[in-house]
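Let me begin by presenting the structure, written as structure tokens, before commenting on it.
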Amino acid sequence: MGRYIARRLLQAIPLLLIISLVLFVLMQAAGDPLATLGGRQPPRAEDRARLARQWGLDQPVLVQYLYWLVGNDWAMMDSDGDGIPDQPGTRKGVLRGDFGNSLVTRQPAMEVIMERVPNTLVLMLTAQALIIVFALLVGIYSALHQYSLMDNVLTGCSFAAFSMPIFFIALFSIYLFSIRFKAWGLPSFPTGGMYDPAVGRTFAQVASHLVLPAMSIALIDIARYSRYIRSNMLEVINSDYIRTARAKGLRERYILFIHAFKNAALPLVTLIGLDLPFLLAGAVVTERIFAWPGMGRLFLDHLNRTDIPVMMGLLMMISVAVVFFQLMTDIVYTWLDPRIRYT
Amino acid sequence: MIFKRLTVLMLVVVVAAGIVGPVGAQGSKSVTIAFDQEADNLNPMYTTMTFAGYVYAIFLSGAWNFDDELLPHPVLAAEIPSLENGGLSADGRMITITLRDDIKWSDGEPITSADFAFTHEMFVSDANSPLTRDPYNRITSLETPDERTVVVHFDEPFAPWLGLFRYILPEHILRPVYEADGSLDNAAWNRAPTVGSGPFVFAEWEVGSFIRGVRNENYFDAPALLDTIVIRFVPDPEAYLAALKNGDSDVGTFVAFPDLPELEATGFLDVGIYASGYNEGWFMNANPETAHPAMLDVNVRRALAYAFNRAQIDNDLLLGYTYPPSSYWEGTPYADPDLEPYPYDPEMATQLLDEAGWVDSDGDGIRDKDGQPLTLRYATNTRQIRMDVQVVVQQDFADLGIGIELLNYPSDIFWNTYADNGPMATGQYDIGQWSSSPDGFPDPDIVRFMCNEIPTPENPIGDNWQGYCNPDLDALFVEQARTMDYDARVAIFHQMDRVIKDDAIWIGVWYDADSWIYNTRIQNVRLNGASPFWNINEWDVAG
């Protein structure tokens, strides 16, 4: 197993290098960072030319990538615009831990990203916990009570939730639980943000601001996950070995949760394994609607400004997470199914 | 059973969270302002973002500011320099700013002329990468004969000098950073200006959520009546409206005109429209090398203005909150109040086109002349309201036999420079539509219509993307930039207004003022489109 993990990690290095090059080249098509600089009209042409030089955007794309990867402190740069390189660059490059500075905030790109990671994890892990818990409950219940009235109701609700766009759920929940509840004199939820600045970042504040966005995200995926669980459970509980277990006189709960669910969970692990790295990416639409300060908003805000250092940092972080969680998923398989062996 | 227990538990959490949710601060006076974009930087050197400018204006002061009539009033300066008080030299090449005796930073340190010199030095230093160096790069030298006097010299008379020193940087905080790091580009102060000179002091920036300021107890002018000011970032337009209607935000701006009626209908939100310097307009390409031949005929350009029912568009698409501007400087004292926009007059348009020789000779429904059809390229970016206008114009013009080819570019391509083959900068259009403002608004100075600003391979940074050249207008532009007397300068702009209208080189589509919404619980709100929070120290809340 150790050799297998080491081999997978070594394979990841060229893979990530290729991904970074492809992303960097694609990023050039995302727009021009100097187009408006966030203003309402384009910058003066002389300022634009100066900033292109100062930020290295006047270099060919492969040179920009090289500087992004290995830095430019080994090359002489033109600091005053006279066309003569006169002092070494200051960037160390990604391989030495320097992702460059954001073109928007001027902060180190990784600092910009790491400011948002905890907020996104609060939202996404809460939502993911809700998804898993409720999807298991709904999926197992439906499987065990196949074609009952409740199964039909839950199936109908699942399809309805799965069919609804996230922005509709989010905006409707604001309308109902924030605006209408307040108008009706009922306890209401805030329309957005992570906490009230006047109160501070308390548990109760974050929890109250978390309810609507987490529920909005969860609703759709509960529907999606529960359908997988229902069909897998149905397949397993009708198999021969479950009938054998019952014939042996094992308790029903033991049969369901130890024998049936463990095997039915294999596809679920794949699903969760694929979803986990994207928890880091946040929820673009939900975070925007609820003004949640997470990675999804960061992605949108900085994509709009073509902030290459931040976008590259963010995308590479997700790429690394995908590689890591794929490996973790494979390892979890061996625990769930002893027949699986890696060499 | 487990299902039921978990469901009950979740409902309890949800209801409990809902109950604690609306709790706010008790006993302190606070106002929450909502913006739909987050500020990128709070150092004026490193942002041209409108919202960032609004935010740092709460924490920083400058030599002067502009009131709700857009007239300058002194802030750090003891008085506005003028010819009468000797602050402006007769030749317009020297400005002497005398500072107040009592001005200080929020940490109690005095604000002196050295801070002004430092601000200038930072803007023009090659070690820094400010987003623009203008207008500090116009200064040839700056002297500080004493702590209370700043003397600024220019090579040429510089009438737009009010654009200088709008905000001053604290030398005692930033000089050590500059010397240690070799640049201010990454200074922590840029995003946490904990020492400032405005009525509020920066307290915290919860990234992605809000910026909070508290009353500056060392403010040199009348102290703020509010204890706290909070700027929230609410990017989604629907959630933004909900936050205003729900009272989660007290002040909002840049709300689309069609959404204003429902906000006014709440009964506790007031709406104001304030000149921002921006006016949506048609920029007519008159460059002989790139424009359709018809566009070189002033009567054809006038005909297009007569053929365009702008008032109807402003009423139907923008609900009558705006109107067709007659002046490029609409909403400012520099706009000629006697100037009327071209009326909608399709008969006049027809007559002018006929007289110019553009008639439908081949019966295909499109006018033509010398075998060339009158089909014009009408370009703008991908903003929805602009694309809606394009469609209306295309239909209206078809009735008059004018063909229109609609072109839409993403903003980053639309604004590309001449060197980058930008479609506007290189004249790949006949009618271009966008909104523009003088850079130094409320100062009206621009160079857009000047002959020497036509971009060429030798002058790729030229700003005159229309290729239009009128020596008479050029002379007026040069004169206004050298005229230090306010009334005389206003009169020159009125003359320029008439030339621009007569030459039909720019046709106003709508007066692109900013909408501001504020809760009626806030008192003493006197906004303007240039520096809306200029009197925020006077804001108060009822109760």
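Within each chain, counting starts at residue 1; across the structure tokens, chains are named A, B, ... in the order shown, with ligands numbered 1 upward in that order.
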Segment 172-175 of chain B environment, 12 Å, only C-alpha atoms, sequence neighbours closer than 2 positions dropped, as a CSV table (one decimal) with N, CA and C atoms, in the first residue's frame:
chain,number,residue,atom,x,y,z
B,43,ASN,N,-6.1,52.4,-0.2
B,43,ASN,CA,-5.2,53.5,-0.5
B,43,ASN,C,-5.5,54.1,-1.9
B,104,LYS,N,-5.1,67.1,12.2
B,104,LYS,CA,-4.3,66.0,12.8
B,104,LYS,C,-4.8,64.7,12.3
B,105,TRP,N,-3.9,63.7,12.4
B,105,TRP,CA,-4.3,62.3,12.1
B,105,TRP,C,-5.1,61.7,13.2
B,106,SER,N,-5.7,60.6,13.0
B,106,SER,CA,-6.5,60.0,14.0
B,106,SER,C,-5.7,59.5,15.2
B,107,ASP,N,-4.4,59.4,15.1
B,107,ASP,CA,-3.5,59.0,16.2
B,107,ASP,C,-3.0,60.3,16.9
B,108,GLY,N,-3.5,61.4,16.5
B,108,GLY,CA,-3.1,62.7,17.2
B,108,GLY,C,-1.9,63.4,16.6
B,109,GLU,N,-1.2,62.8,15.7
B,109,GLU,CA,-0.1,63.4,15.0
B,109,GLU,C,-0.6,64.5,14.1
B,110,PRO,N,0.1,65.7,14.0
B,110,PRO,CA,-0.4,66.8,13.2
B,110,PRO,C,-0.2,66.4,11.7
B,111,ILE,N,-1.2,66.9,10.9
B,111,ILE,CA,-1.1,66.8,9.4
B,111,ILE,C,-0.3,68.0,9.0
B,112,THR,N,0.7,67.8,8.2
B,112,THR,CA,1.6,68.9,7.8
B,112,THR,C,1.8,68.9,6.3
B,114,ALA,N,4.4,68.2,4.9
B,114,ALA,CA,5.2,67.1,4.6
B,114,ALA,C,4.4,65.9,4.1
B,115,ASP,N,3.2,65.8,4.7
B,115,ASP,CA,2.3,64.7,4.2
B,115,ASP,C,1.8,64.9,2.8
B,116,PHE,N,1.6,66.2,2.4
B,116,PHE,CA,1.3,66.5,1.0
B,116,PHE,C,2.4,66.2,0.1
B,117,ALA,N,3.6,66.5,0.5
B,117,ALA,CA,4.8,66.2,-0.3
B,117,ALA,C,5.0,64.7,-0.5
B,118,PHE,N,4.8,64.0,0.6
B,118,PHE,CA,4.9,62.6,0.6
B,118,PHE,C,3.9,61.9,-0.3
B,119,THR,N,2.7,62.4,-0.3
B,119,THR,CA,1.6,61.9,-1.2
B,119,THR,C,2.0,62.1,-2.6
B,121,GLU,N,5.1,62.4,-3.8
B,121,GLU,CA,6.3,61.6,-4.0
B,121,GLU,C,5.9,60.1,-4.3
B,122,MET,N,4.9,59.6,-3.5
B,122,MET,CA,4.5,58.2,-3.7
B,122,MET,C,3.8,58.0,-5.0
B,168,ILE,N,-4.9,62.6,1.4
B,168,ILE,CA,-3.5,62.7,1.8
B,168,ILE,C,-3.1,61.5,2.5
B,169,LEU,N,-1.9,61.0,2.3
B,169,LEU,CA,-1.3,59.8,2.9
B,169,LEU,C,-0.5,60.2,4.2
B,170,PRO,N,-0.6,59.4,5.2
B,170,PRO,CA,0.2,59.8,6.4
B,170,PRO,C,1.7,59.4,6.3
B,177,VAL,N,7.5,52.2,6.0
B,177,VAL,CA,7.2,51.0,5.2
B,177,VAL,C,7.8,51.2,3.8
B,178,TYR,N,7.8,52.3,3.2
B,178,TYR,CA,8.3,52.6,1.9
B,178,TYR,C,9.8,52.3,2.0
B,179,GLU,N,10.5,52.8,3.0
B,179,GLU,CA,11.9,52.7,3.1
B,179,GLU,C,12.3,51.2,3.4
B,180,ALA,N,11.5,50.5,4.2
B,180,ALA,CA,11.8,49.1,4.5
B,180,ALA,C,11.6,48.2,3.3
B,181,ASP,N,10.4,48.4,2.7
B,181,ASP,CA,10.0,47.5,1.6
B,181,ASP,C,10.4,47.9,0.2
B,182,GLY,N,10.8,49.2,0.1
B,182,GLY,CA,11.2,49.7,-1.2
B,182,GLY,C,10.0,50.1,-2.0
B,183,SER,N,8.8,50.0,-1.5
B,183,SER,CA,7.5,50.3,-2.2
B,183,SER,C,6.4,50.3,-1.3
B,184,LEU,N,5.3,51.0,-1.6
B,184,LEU,CA,4.1,51.0,-0.8
B,184,LEU,C,3.1,49.9,-1.4
B,185,ASP,N,3.5,49.2,-2.4
B,185,ASP,CA,2.5,48.4,-3.1
B,185,ASP,C,1.8,47.4,-2.2
B,186,ASN,N,2.6,46.8,-1.3
B,186,ASN,CA,2.1,45.8,-0.4
B,186,ASN,C,2.0,46.2,1.1
B,187,ALA,N,1.9,47.5,1.3
B,187,ALA,CA,1.8,48.0,2.7
B,187,ALA,C,0.5,47.5,3.3
B,188,ALA,N,0.6,47.1,4.5
B,188,ALA,CA,-0.6,46.6,5.3
B,188,ALA,C,-1.7,47.7,5.4
B,189,TRP,N,-1.2,48.9,5.5
B,189,TRP,CA,-2.1,50.1,5.6
B,189,TRP,C,-3.0,50.2,4.5
B,190,ASN,N,-2.6,49.7,3.3
B,190,ASN,CA,-3.5,49.8,2.1
B,190,ASN,C,-4.8,49.2,2.3
B,192,ALA,N,-5.8,48.3,5.6
B,192,ALA,CA,-6.2,48.5,7.0
B,192,ALA,C,-5.6,49.9,7.4
B,193,PRO,N,-6.2,51.0,6.9
B,193,PRO,CA,-5.7,52.3,7.2
B,193,PRO,C,-6.2,52.7,8.6
B,194,THR,N,-5.6,52.1,9.6
B,194,THR,CA,-6.0,52.3,11.0
B,194,THR,C,-5.6,53.7,11.4
B,195,VAL,N,-4.7,54.4,10.7
B,195,VAL,CA,-4.5,55.8,11.0
B,195,VAL,C,-5.0,56.6,9.8
B,196,GLY,N,-6.0,57.5,10.1
B,196,GLY,CA,-6.5,58.2,9.0
B,196,GLY,C,-6.8,59.6,9.4
Exercise for the section: Pull out every residue of chain A sitting within 8 Å of chain B, counting only C-alpha atoms, and send them as a PyMOL selection string. Expected result: chain A and resi 31-32+35-47+51+54+79-80+104-107+115-116+137+171+174-175+178-179+182+187-194+196-199+204-205+207-209+211+288-294+297-298
Put those residues in a file: C-alpha atoms, as a JSON list (two decimals), in the first residue's frame.
[["chain", "number", "residue", "atom", "x", "y", "z"],
["A", 31, "GLY", "CA", -10.02, 38.72, -20.12],
["A", 32, "ASP", "CA", -7.58, 41.55, -19.76],
["A", 35, "ALA", "CA", -9.27, 46.49, -19.12],
["A", 36, "THR", "CA", -10.93, 48.61, -16.46],
["A", 37, "LEU", "CA", -8.95, 47.89, -13.27],
["A", 38, "GLY", "CA", -12.27, 47.86, -11.46],
["A", 39, "GLY", "CA", -13.16, 51.40, -12.53],
["A", 40, "ARG", "CA", -16.14, 52.54, -14.54],
["A", 41, "GLN", "CA", -14.08, 53.44, -17.56],
["A", 42, "PRO", "CA", -10.79, 52.19, -18.97],
["A", 43, "PRO", "CA", -7.53, 53.46, -17.51],
["A", 44, "ARG", "CA", -5.43, 56.04, -19.32],
["A", 45, "ALA", "CA", -3.37, 54.40, -22.00],
["A", 46, "GLU", "CA", -0.07, 55.53, -20.47],
["A", 47, "ASP", "CA", -1.04, 54.09, -17.08],
["A", 51, "LEU", "CA", 1.15, 48.73, -15.27],
["A", 54, "GLN", "CA", 5.32, 46.68, -13.82],
["A", 79, "SER", "CA", 11.75, 49.08, -13.45],
["A", 80, "ASP", "CA", 11.47, 52.59, -14.89],
["A", 104, "VAL", "CA", -6.73, 43.43, -7.29],
["A", 105, "THR", "CA", -5.86, 43.65, -3.61],
["A", 106, "ARG", "CA", -2.02, 43.62, -3.92],
["A", 107, "GLN", "CA", -1.88, 41.01, -1.15],
["A", 115, "GLU", "CA", -8.69, 34.32, 4.18],
["A", 116, "ARG", "CA", -11.71, 32.70, 2.56],
["A", 137, "LEU", "CA", -32.25, 9.01, 6.37],
["A", 171, "LEU", "CA", -33.94, 33.85, -3.34],
["A", 174, "ILE", "CA", -34.70, 35.05, 1.55],
["A", 175, "TYR", "CA", -38.13, 36.24, 0.51],
["A", 178, "SER", "CA", -36.20, 37.01, 5.91],
["A", 179, "ILE", "CA", -38.64, 39.44, 4.38],
["A", 182, "LYS", "CA", -40.11, 39.81, 9.46],
["A", 187, "PRO", "CA", -38.39, 35.34, 14.03],
["A", 188, "SER", "CA", -36.57, 36.00, 10.79],
["A", 189, "PHE", "CA", -33.21, 35.19, 9.31],
["A", 190, "PRO", "CA", -30.70, 37.79, 8.04],
["A", 191, "THR", "CA", -30.68, 38.39, 4.29],
["A", 192, "GLY", "CA", -26.96, 37.79, 4.00],
["A", 193, "GLY", "CA", -23.48, 38.05, 5.39],
["A", 194, "MET", "CA", -21.77, 35.85, 7.95],
["A", 196, "ASP", "CA", -23.83, 41.15, 12.24],
["A", 197, "PRO", "CA", -20.82, 43.49, 12.59],
["A", 198, "ALA", "CA", -22.49, 45.18, 15.53],
["A", 199, "VAL", "CA", -22.67, 41.91, 17.45],
["A", 204, "ALA", "CA", -25.18, 32.16, 17.45],
["A", 205, "GLN", "CA", -24.57, 34.88, 14.86],
["A", 207, "ALA", "CA", -25.33, 29.88, 12.98],
["A", 208, "SER", "CA", -28.23, 32.21, 12.23],
["A", 209, "HIS", "CA", -26.54, 33.51, 9.09],
["A", 211, "VAL", "CA", -29.09, 28.46, 8.11],
["A", 288, "ARG", "CA", -23.14, 35.42, -4.05],
["A", 289, "ILE", "CA", -26.83, 35.54, -3.18],
["A", 290, "PHE", "CA", -26.26, 35.30, 0.58],
["A", 291, "ALA", "CA", -23.16, 37.52, 0.50],
["A", 292, "TRP", "CA", -21.27, 34.69, 2.18],
["A", 293, "PRO", "CA", -17.56, 35.56, 2.15],
["A", 294, "GLY", "CA", -16.29, 32.28, 0.77],
["A", 297, "ARG", "CA", -17.41, 34.76, -4.22],
["A", 298, "LEU", "CA", -13.65, 35.08, -4.32]]
Handout entry: Long-range neighbours of Thr155 of chain A as a ChimeraX atom specification, 12 Å cut-off, only C-alpha atoms, 5 positions minimum in chain
Key = /A:135,138-139,141-143,145-150,160-162,222-228,230-231
Selection above as a file: N, CA and C atoms, as a PDB file, in the first residue's frame:
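Output file selection31.pdb is given in full below:
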ATOM      1  N   ALA A 135     -29.739  12.708   3.535  1.00  0.00           N
ATOM      2  CA  ALA A 135     -29.810  11.809   2.383  1.00  0.00           C
ATOM      3  C   ALA A 135     -29.830  10.360   2.842  1.00  0.00           C
ATOM      4  N   VAL A 138     -33.336   9.719   4.335  1.00  0.00           N
ATOM      5  CA  VAL A 138     -34.368   9.648   3.293  1.00  0.00           C
ATOM      6  C   VAL A 138     -34.145   8.426   2.412  1.00  0.00           C
ATOM      7  N   GLY A 139     -32.880   8.214   2.015  1.00  0.00           N
ATOM      8  CA  GLY A 139     -32.572   7.115   1.097  1.00  0.00           C
ATOM      9  C   GLY A 139     -32.859   5.757   1.719  1.00  0.00           C
ATOM     10  N   TYR A 141     -34.741   5.107   4.389  1.00  0.00           N
ATOM     11  CA  TYR A 141     -36.176   4.972   4.696  1.00  0.00           C
ATOM     12  C   TYR A 141     -36.944   4.589   3.427  1.00  0.00           C
ATOM     13  N   SER A 142     -36.641   5.263   2.336  1.00  0.00           N
ATOM     14  CA  SER A 142     -37.352   4.987   1.082  1.00  0.00           C
ATOM     15  C   SER A 142     -37.107   3.561   0.605  1.00  0.00           C
ATOM     16  N   ALA A 143     -35.842   3.118   0.771  1.00  0.00           N
ATOM     17  CA  ALA A 143     -35.519   1.764   0.312  1.00  0.00           C
ATOM     18  C   ALA A 143     -36.243   0.712   1.141  1.00  0.00           C
ATOM     19  N   HIS A 145     -38.998   1.112   2.736  1.00  0.00           N
ATOM     20  CA  HIS A 145     -40.462   1.216   2.603  1.00  0.00           C
ATOM     21  C   HIS A 145     -40.815   1.469   1.143  1.00  0.00           C
ATOM     22  N   GLN A 146     -40.227   0.651   0.285  1.00  0.00           N
ATOM     23  CA  GLN A 146     -40.388   0.846  -1.156  1.00  0.00           C
ATOM     24  C   GLN A 146     -41.873   0.847  -1.541  1.00  0.00           C
ATOM     25  N   TYR A 147     -42.212   1.873  -2.343  1.00  0.00           N
ATOM     26  CA  TYR A 147     -43.570   2.044  -2.897  1.00  0.00           C
ATOM     27  C   TYR A 147     -44.627   2.333  -1.834  1.00  0.00           C
ATOM     28  N   SER A 148     -44.205   2.655  -0.615  1.00  0.00           N
ATOM     29  CA  SER A 148     -45.184   3.106   0.384  1.00  0.00           C
ATOM     30  C   SER A 148     -45.566   4.549   0.053  1.00  0.00           C
ATOM     31  N   LEU A 149     -46.580   5.044   0.731  1.00  0.00           N
ATOM     32  CA  LEU A 149     -47.003   6.430   0.495  1.00  0.00           C
ATOM     33  C   LEU A 149     -45.841   7.386   0.774  1.00  0.00           C
ATOM     34  N   MET A 150     -45.162   7.150   1.922  1.00  0.00           N
ATOM     35  CA  MET A 150     -44.057   8.038   2.292  1.00  0.00           C
ATOM     36  C   MET A 150     -42.937   7.973   1.259  1.00  0.00           C
ATOM     37  N   ALA A 160     -38.524  17.110  -7.156  1.00  0.00           N
ATOM     38  CA  ALA A 160     -38.853  18.545  -7.183  1.00  0.00           C
ATOM     39  C   ALA A 160     -37.636  19.366  -6.764  1.00  0.00           C
ATOM     40  N   ALA A 161     -36.993  18.944  -5.652  1.00  0.00           N
ATOM     41  CA  ALA A 161     -35.833  19.700  -5.152  1.00  0.00           C
ATOM     42  C   ALA A 161     -34.692  19.637  -6.155  1.00  0.00           C
ATOM     43  N   PHE A 162     -34.497  18.450  -6.740  1.00  0.00           N
ATOM     44  CA  PHE A 162     -33.399  18.269  -7.675  1.00  0.00           C
ATOM     45  C   PHE A 162     -33.610  19.101  -8.940  1.00  0.00           C
ATOM     46  N   ILE A 222     -29.316  16.760  -1.127  1.00  0.00           N
ATOM     47  CA  ILE A 222     -30.021  15.714  -0.364  1.00  0.00           C
ATOM     48  C   ILE A 222     -30.835  14.875  -1.348  1.00  0.00           C
ATOM     49  N   ALA A 223     -31.496  15.568  -2.251  1.00  0.00           N
ATOM     50  CA  ALA A 223     -32.304  14.867  -3.250  1.00  0.00           C
ATOM     51  C   ALA A 223     -31.429  13.960  -4.110  1.00  0.00           C
ATOM     52  N   ARG A 224     -30.282  14.495  -4.530  1.00  0.00           N
ATOM     53  CA  ARG A 224     -29.406  13.732  -5.421  1.00  0.00           C
ATOM     54  C   ARG A 224     -28.833  12.504  -4.702  1.00  0.00           C
ATOM     55  N   TYR A 225     -28.255  12.734  -3.523  1.00  0.00           N
ATOM     56  CA  TYR A 225     -27.624  11.638  -2.778  1.00  0.00           C
ATOM     57  C   TYR A 225     -28.662  10.588  -2.373  1.00  0.00           C
ATOM     58  N   SER A 226     -29.835  11.031  -1.951  1.00  0.00           N
ATOM     59  CA  SER A 226     -30.817  10.080  -1.427  1.00  0.00           C
ATOM     60  C   SER A 226     -31.273   9.111  -2.524  1.00  0.00           C
ATOM     61  N   ARG A 227     -31.297   9.561  -3.755  1.00  0.00           N
ATOM     62  CA  ARG A 227     -31.682   8.662  -4.845  1.00  0.00           C
ATOM     63  C   ARG A 227     -30.636   7.570  -5.046  1.00  0.00           C
ATOM     64  N   TYR A 228     -29.340   7.971  -4.945  1.00  0.00           N
ATOM     65  CA  TYR A 228     -28.275   6.967  -5.045  1.00  0.00           C
ATOM     66  C   TYR A 228     -28.416   5.938  -3.924  1.00  0.00           C
ATOM     67  N   ARG A 230     -30.966   5.166  -2.055  1.00  0.00           N
ATOM     68  CA  ARG A 230     -32.163   4.336  -2.174  1.00  0.00           C
ATOM     69  C   ARG A 230     -31.920   3.189  -3.163  1.00  0.00           C
ATOM     70  N   SER A 231     -31.399   3.494  -4.323  1.00  0.00           N
ATOM     71  CA  SER A 231     -31.243   2.445  -5.332  1.00  0.00           C
ATOM     72  C   SER A 231     -30.184   1.427  -4.914  1.00  0.00           C
TER      73      SER A 231
END
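Considering the residues B:Ala222, B:Leu142, B:Leu374, B:Ile33 and counting only C-alpha atoms, Gly357 of chain B has its shortest atom-to-atom contact with B:Leu374.
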Practice task
Based on DSSP run over this structure's backbone, return all residues of segment 38-274 of chain A in alpha helix (DSSP H), as a PyMOL selection string.
Solution key: chain A and resi 45-54+61-70+109-144+149-163+166-173+181-183+203-237+240-247+252-254+261-274
Practice task
Please identify which residues in segment 57-227 of chain B DSSP calls strand (DSSP E or B) from the backbone, and express them as a PyMOL selection string.
Solution key: chain B and resi 64-66+72-74+77+88+94-99+104+110+139-146+149-154+200-206+210-215
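A straight line drawn from atom CA of Ala52 of chain A to atom CA of Asp301 of chain A is 20.6 Å long.
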Practice task
Find the residues near Ile169 of chain A: any atom within 10 Å, counting only C-alpha atoms, skip ones fewer than 5 places away on the same chain, and give them as a ChimeraX atom specification.
Solution key: /A:161,164,174-175,212-213,215-217,219-220,286
Handout entry: Contact residues around segment 378-395 of chain B with only C-alpha atoms at 7 Å, ignoring same-chain residues under 2 positions, as a VMD selection string
Key = chain B and resid 308 376 397 to 399 404 to 411 414 429 to 434
Got time to write the residues from that selection, N, CA and C atoms, as a short mmCIF file (atom, residue, chain, number, x, y, z; two decimals), in the first residue's frame?
data_model
loop_
_atom_site.label_atom_id
_atom_site.label_comp_id
_atom_site.auth_asym_id
_atom_site.auth_seq_id
_atom_site.Cartn_x
_atom_site.Cartn_y
_atom_site.Cartn_z
N PHE B 308 -33.25 59.36 -33.67
CA PHE B 308 -33.10 58.51 -32.49
C PHE B 308 -34.03 59.01 -31.39
N LEU B 376 -24.63 51.16 -41.11
CA LEU B 376 -23.64 51.64 -40.13
C LEU B 376 -23.37 50.58 -39.07
N PHE B 397 -34.44 52.94 -37.12
CA PHE B 397 -33.63 53.37 -38.26
C PHE B 397 -34.05 52.65 -39.55
N ALA B 398 -34.52 51.43 -39.40
CA ALA B 398 -34.96 50.68 -40.59
C ALA B 398 -36.11 51.43 -41.27
N ASP B 399 -36.99 52.06 -40.47
CA ASP B 399 -38.11 52.82 -41.03
C ASP B 399 -37.63 54.00 -41.88
N ILE B 404 -28.43 49.03 -39.93
CA ILE B 404 -27.58 48.99 -38.73
C ILE B 404 -27.02 47.59 -38.57
N GLU B 405 -25.72 47.50 -38.40
CA GLU B 405 -25.08 46.24 -38.04
C GLU B 405 -24.73 46.31 -36.56
N LEU B 406 -25.35 45.43 -35.77
CA LEU B 406 -25.13 45.49 -34.32
C LEU B 406 -23.86 44.74 -33.95
N LEU B 407 -23.00 45.39 -33.18
CA LEU B 407 -21.76 44.77 -32.72
C LEU B 407 -21.71 44.85 -31.21
N ASN B 408 -21.42 43.73 -30.57
CA ASN B 408 -21.30 43.72 -29.11
C ASN B 408 -20.01 43.02 -28.70
N TYR B 409 -19.29 43.66 -27.82
CA TYR B 409 -18.01 43.11 -27.38
C TYR B 409 -18.02 42.98 -25.86
N PRO B 410 -17.38 41.94 -25.32
CA PRO B 410 -17.16 41.92 -23.87
C PRO B 410 -16.35 43.16 -23.48
N SER B 411 -16.58 43.62 -22.26
CA SER B 411 -15.98 44.90 -21.87
C SER B 411 -14.47 44.92 -22.02
N PHE B 414 -13.84 45.45 -25.61
CA PHE B 414 -14.39 46.74 -26.01
C PHE B 414 -13.44 47.89 -25.66
N TYR B 429 -16.01 50.92 -35.91
CA TYR B 429 -17.41 51.20 -35.61
C TYR B 429 -17.77 52.52 -36.30
N ASP B 430 -19.07 52.78 -36.40
CA ASP B 430 -19.53 54.09 -36.86
C ASP B 430 -20.22 54.84 -35.73
N ILE B 431 -21.04 54.08 -34.97
CA ILE B 431 -21.64 54.65 -33.77
C ILE B 431 -21.18 53.78 -32.60
N GLY B 432 -20.55 54.39 -31.63
CA GLY B 432 -20.13 53.65 -30.44
C GLY B 432 -20.91 54.16 -29.25
N GLN B 433 -21.42 53.26 -28.43
CA GLN B 433 -22.20 53.73 -27.27
C GLN B 433 -21.55 53.25 -25.98
N TRP B 434 -21.29 54.20 -25.12
CA TRP B 434 -20.83 53.87 -23.77
C TRP B 434 -21.03 55.09 -22.89
#
Exercise for the section: Excluding Leu274 of chain A and any residue of its chain fewer than 2 positions from it, enumerate the residues within 8 Å of it, using only C-alpha atoms, and give them as a PyMOL selection string. Expected result: chain A and resi 270-272+276-278+322+325-326
Completion exercise
From atom CA of Glu69 of chain B to atom CA of Thr332 of chain B the spacing works out at 8.7 Å
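Pairwise distance (atom CA of Asp227 of chain B, atom CA of Val75 of chain B) equals 21.3 Å.
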Problem - Within 10 Å of segment 467-469 of chain B using only C-alpha atoms, minus same-chain residues under 2 positions, as a PyMOL selection string - result: chain B and resi 284-291+296+425-427+448-456+462-465+471-474+503+505
